[in-house]
Amino acid sequence: MAVGQVQDSGGIAVSAEQPGGLKWTYFDPDVVPAWVAEMDYPLAPEISNALHAAIDLNLTGYPYPQIEQAAFEAATDFWHSELGWQVDQSWVFSVPDVIEGTKRAIERLTKPGSPVVLHTPVYFPFFGMVGRAGRQLVEVPSHVDDDGTYRLDLDGIERAFSHGAGSIVLCNPWNPTGRVFERSELENLIQLAERYESRVISDEIHAPIVYEGHEHVPAASIAPEVVVTVTSASKTFDLPGLKCAQVVLTNGNDRENWASYFTPETVGVGTLGLIAAEAAYGRSKDWYRDLVAGLQTNKDLLVRELPDVLPEVKLNETQGTYLAWLDFSAYELDDPAAYLLEHARVALTGGAQFRGSSSHFGRLNFATTPDRLNEILARIRGALLAL
Ligand SMILES: Cc1ncc(COP(=O)(O)O)c(C=O)c1O
């Protein structure tokens with residue numbers, strides 16, 4: 001599909017016509033989509049060039065060790081320079097995507113049959129994934145401070161561990177709440193996991209997108225033996241359809257266990273995904289920095305405009321991710337996202353899916369142009385004023 005002409009916005013070029021992808025094709029054409037975590041920006045040129053070159057070179061066969069090693073080298077360099085996290089290349093293993101990597105980590109690296117804790121509200125594909133891993137799910141709803149800050153319920157998590165839960169899937173940065181956990185919060189969680197010999201499986205896919213005043217702390221940098229990290233370039237560089245993610249095993253026993261089970265034939269990563277990951281992690285840092293600057297502009301726009309445009313809607317502080325967690329409870333709507341889809345022709349992700357008593361929330365993806373973000377806000381305002 002033609003992407004159309006390109007305009008400049010907040011340091012990031014954006015396609016002017018309606019692009020393709022799941023985000024833009026799922027709903028009717030009159031709907032402005034702000035739901036699934038895809039971005040409205042063209043690919044980083046290095047990624048685009050690498051993929052075009054790969055096609056020209058017929059690199060559509062099976063993944064091969066050199067490209068996987070190049071991707072791992074680029075990834076470990078990126079994690080070091082951008083996250084301050086030192087990872088040896090031999091600790092990195094390919095998986096097709098973060099959800100599948102998390103499922104494999106539960107199956108292979110936690111006590112056989114042990115239940116899995118999720119801190120709700122949380123990225124909803126986790127729920128089905130735990131079921132597919134054949135494990136019982138223990139939902140521990142999080143605490144919310146008076147200012148709307150979400151916090152792990154450590155007592156609830158400890159209860160779950162003491163009743164046999166063998167792991168927690170941590171979402172840091174936290175989709176949908178936008179929290180970036182502080183070091184002390186991670187330390188407290190890890191201490192509990194250690195006490196009960198449970199594992200922390202940390203989904204850090206949003207780690208590179210963190211805003212001024214906050215810092216992503218890789219959980220494995222605190223406790224390499226306890227934590228399993230699952231990540232990908234796919235959110236930051238908009239590559240989820242290429243199926244390439246990484247599990248970082250900072251525990252030596254995990255590495256042995258994993259390597260004996262996931263032979264090259266069973267990994268399931270794609271060649272083009274590895275090529276794109278190498279170009280993303282290794283050669284797209286300028287683009288990445290512009291991206292974060294542009295997203296910061298959009299986040300600031302939301303913080304600035306919301307009190308005027310939507311004074312009854314509360315915005316949780318978005319510390320990381322490009323997802324804003326909006327509280328519509330003032331409107332007493334059963335399902336704000338369904339109402340706004342019908343009456344504002346704006347697609348948010350409904351809060352109920354994330355569980356944890358979130359039915360009065362909607363998640364707004366603000367990885368778009370400032371103009372489109374303003375249009376989204378104006379449409380929502382119009383629909384809410386009609387109530
Ligand atoms: C927290 C989180 N984890 C995982 C994913 C999906 O990753 P993947 O497509 O690699 O499974 C997303 C996608 O938005 C996400 O927000």
# chains A, B, ... in the order shown; residues from 1 in each chain; ligands from 1
>>> select_by_dssp(residues="region 211-252 of chain A", states="helix (DSSP H, G or I)", output="PDB file with N, CA and C atoms, in the first residue's frame")
ATOM      1  N   ALA A 219      15.303  -4.958  35.229  1.00  0.00           N
ATOM      2  CA  ALA A 219      15.172  -5.740  36.469  1.00  0.00           C
ATOM      3  C   ALA A 219      16.344  -6.706  36.622  1.00  0.00           C
ATOM      4  N   ALA A 220      16.828  -7.239  35.505  1.00  0.00           N
ATOM      5  CA  ALA A 220      17.927  -8.209  35.578  1.00  0.00           C
ATOM      6  C   ALA A 220      19.231  -7.569  36.040  1.00  0.00           C
ATOM      7  N   SER A 221      19.320  -6.239  35.917  1.00  0.00           N
ATOM      8  CA  SER A 221      20.542  -5.584  36.389  1.00  0.00           C
ATOM      9  C   SER A 221      20.579  -5.594  37.919  1.00  0.00           C
ATOM     10  N   ILE A 222      19.433  -5.796  38.549  1.00  0.00           N
ATOM     11  CA  ILE A 222      19.377  -5.865  40.016  1.00  0.00           C
ATOM     12  C   ILE A 222      19.617  -7.302  40.482  1.00  0.00           C
ATOM     13  N   PRO A 240       6.468  -5.142  14.714  1.00  0.00           N
ATOM     14  CA  PRO A 240       5.928  -6.377  15.304  1.00  0.00           C
ATOM     15  C   PRO A 240       5.563  -7.441  14.274  1.00  0.00           C
ATOM     16  N   GLY A 241       5.259  -7.023  13.036  1.00  0.00           N
ATOM     17  CA  GLY A 241       4.898  -8.014  12.025  1.00  0.00           C
ATOM     18  C   GLY A 241       6.079  -8.833  11.530  1.00  0.00           C
ATOM     19  N   LEU A 242       7.288  -8.447  11.913  1.00  0.00           N
ATOM     20  CA  LEU A 242       8.468  -9.172  11.423  1.00  0.00           C
ATOM     21  C   LEU A 242       8.900 -10.313  12.345  1.00  0.00           C
ATOM     22  N   GLY A 252      22.907 -18.603  34.508  1.00  0.00           N
ATOM     23  CA  GLY A 252      23.632 -19.641  33.756  1.00  0.00           C
ATOM     24  C   GLY A 252      22.842 -20.930  33.586  1.00  0.00           C
TER      25      GLY A 252
END
>>> residues_near_ligand(ligand="ligand 1", cutoff="7 Å", atoms="only C-alpha atoms and all ligand atoms", output="number ranges by chain")
A: 36-37, 97-100, 123, 171, 174-175, 203, 205-206, 232, 234-235, 240, 243, 245
>>> residues_around(residues="Lys23 (chain A)", least_positions_apart="6", cutoff="10 Å", atoms="only C-alpha atoms", output="ChimeraX atom specification")
/A:32-40,347
>>> residues_around(residues="Glu187 (chain A)", least_positions_apart="3", cutoff="9 Å", atoms="only C-alpha atoms", output="JSON list (two decimals) with N, CA and C atoms, in the first residue's frame")
[["chain", "number", "residue", "atom", "x", "y", "z"],
["A", 182, "GLU", "N", 10.31, 2.31, 39.75],
["A", 182, "GLU", "CA", 11.54, 2.81, 40.36],
["A", 182, "GLU", "C", 12.37, 1.63, 40.84],
["A", 183, "ARG", "N", 13.65, 1.89, 40.98],
["A", 183, "ARG", "CA", 14.56, 0.83, 41.41],
["A", 183, "ARG", "C", 14.08, 0.16, 42.71],
["A", 184, "SER", "N", 13.62, 0.97, 43.69],
["A", 184, "SER", "CA", 13.23, 0.40, 44.97],
["A", 184, "SER", "C", 12.01, -0.52, 44.82],
["A", 190, "ILE", "N", 11.71, -8.19, 43.76],
["A", 190, "ILE", "CA", 12.71, -9.23, 43.57],
["A", 190, "ILE", "C", 13.03, -9.94, 44.89],
["A", 191, "GLN", "N", 13.08, -9.15, 45.97],
["A", 191, "GLN", "CA", 13.32, -9.77, 47.29],
["A", 191, "GLN", "C", 12.26, -10.81, 47.61],
["A", 192, "LEU", "N", 11.01, -10.46, 47.30],
["A", 192, "LEU", "CA", 9.92, -11.41, 47.55],
["A", 192, "LEU", "C", 10.11, -12.67, 46.71],
["A", 219, "ALA", "N", 15.30, -4.96, 35.23],
["A", 219, "ALA", "CA", 15.17, -5.74, 36.47],
["A", 219, "ALA", "C", 16.34, -6.71, 36.62],
["A", 222, "ILE", "N", 19.43, -5.80, 38.55],
["A", 222, "ILE", "CA", 19.38, -5.86, 40.02],
["A", 222, "ILE", "C", 19.62, -7.30, 40.48],
["A", 223, "ALA", "N", 19.00, -8.25, 39.80],
["A", 223, "ALA", "CA", 19.09, -9.66, 40.24],
["A", 223, "ALA", "C", 19.17, -10.58, 39.03]]
>>> atom_distance(atom1="CA of Trp24 (chain A)", atom2="CA of Arg345 (chain A)")
12.8 Å
>>> closest_residue(among="A:Ala105, A:Leu326, A:Ala44, A:Ala71", to="Glu278 (chain A)", atoms="only C-alpha atoms")
A:Ala71
>>> residues_around(residues="region 271-276 of chain A", least_positions_apart="5", cutoff="12 Å", atoms="only C-alpha atoms", output="number ranges by chain")
A: 43-55, 57-75, 93-97, 232-234, 237-246, 281-284
>>> residues_around(residues="Trp91 (chain A)", least_positions_apart="3", cutoff="8 Å", atoms="only C-alpha atoms", output="number ranges by chain")
A: 87-88, 248-250, 255
>>> residues_around(residues="Val292 (chain A)", least_positions_apart="3", cutoff="10 Å", atoms="only C-alpha atoms", output="JSON, numbers by chain")
{"A": [11, 12, 208, 209, 210, 211, 212, 236, 287, 288, 289, 295, 296, 297, 298, 320, 321, 322, 367]}
>>> write_last_selection(atoms="C-alpha atoms", output="PDB file, in the first residue's frame")
ATOM      1  CA  GLY A  11      10.962  15.946  14.343  1.00  0.00           C
ATOM      2  CA  ILE A  12       9.321  12.825  12.889  1.00  0.00           C
ATOM      3  CA  PRO A 208      13.607   2.567  25.343  1.00  0.00           C
ATOM      4  CA  ILE A 209      10.575   4.892  25.496  1.00  0.00           C
ATOM      5  CA  VAL A 210      10.843   6.678  28.808  1.00  0.00           C
ATOM      6  CA  TYR A 211      10.242  10.397  29.385  1.00  0.00           C
ATOM      7  CA  GLU A 212      12.128  13.193  31.105  1.00  0.00           C
ATOM      8  CA  THR A 236      10.310   1.229  19.564  1.00  0.00           C
ATOM      9  CA  TRP A 287      15.931   8.230  14.392  1.00  0.00           C
ATOM     10  CA  TYR A 288      15.219   6.724  17.811  1.00  0.00           C
ATOM     11  CA  ARG A 289      16.227   9.905  19.628  1.00  0.00           C
ATOM     12  CA  LEU A 295       6.624  11.387  21.572  1.00  0.00           C
ATOM     13  CA  GLN A 296       7.611  13.648  24.457  1.00  0.00           C
ATOM     14  CA  THR A 297       6.081  16.567  22.496  1.00  0.00           C
ATOM     15  CA  ASN A 298       2.839  14.621  22.085  1.00  0.00           C
ATOM     16  CA  GLY A 320       7.074   5.651  29.592  1.00  0.00           C
ATOM     17  CA  THR A 321       5.395   4.000  26.538  1.00  0.00           C
ATOM     18  CA  TYR A 322       3.315   5.901  23.966  1.00  0.00           C
ATOM     19  CA  ALA A 367       2.275   7.812  18.524  1.00  0.00           C
TER      20      ALA A 367
END
>>> atom_distance(atom1="CA of Arg179 (chain A)", atom2="CA of Ala383 (chain A)")
28.2 Å
>>> closest_atom_pairs(of="region 268-371 of chain A", to="region 146-160 of chain A", cutoff="12 Å", atoms="only C-alpha atoms", output="CSV")
residue,atom,partner,partner_atom,distance
A:Lys314,CA,A:Gly148,CA,8.6
A:Leu315,CA,A:Gly148,CA,8.3
A:Asn316,CA,A:Gly148,CA,5.9
A:Glu317,CA,A:Thr149,CA,7.4
A:Thr318,CA,A:Thr149,CA,9.9
A:Gln319,CA,A:Thr149,CA,10.4
A:Trp325,CA,A:Gly148,CA,10.2
A:Leu326,CA,A:Gly148,CA,10.4
A:Asp327,CA,A:Gly148,CA,9.3
A:Gly356,CA,A:Tyr150,CA,11.0
A:Ser358,CA,A:Tyr150,CA,11.9
>>> write_last_selection(atoms="C-alpha atoms", output="compact mmCIF listing (two decimals), in the first residue's frame")
# COMPACT_ATOMS: atom_id res chain seq x y z
CA LYS A 314 -8.05 12.25 34.31
CA LEU A 315 -4.70 11.35 32.77
CA ASN A 316 -2.29 9.15 34.65
CA GLU A 317 1.27 10.39 34.44
CA THR A 318 2.76 8.69 31.38
CA GLN A 319 6.31 7.97 32.50
CA TRP A 325 -4.25 5.76 30.39
CA LEU A 326 -7.35 7.91 30.60
CA ASP A 327 -9.88 7.75 33.43
CA GLY A 356 -8.05 -4.85 37.58
CA SER A 358 -10.43 -0.71 34.77
>>> atom_distance(atom1="CA of Ser359 (chain A)", atom2="CA of Val230 (chain A)")
28.1 Å
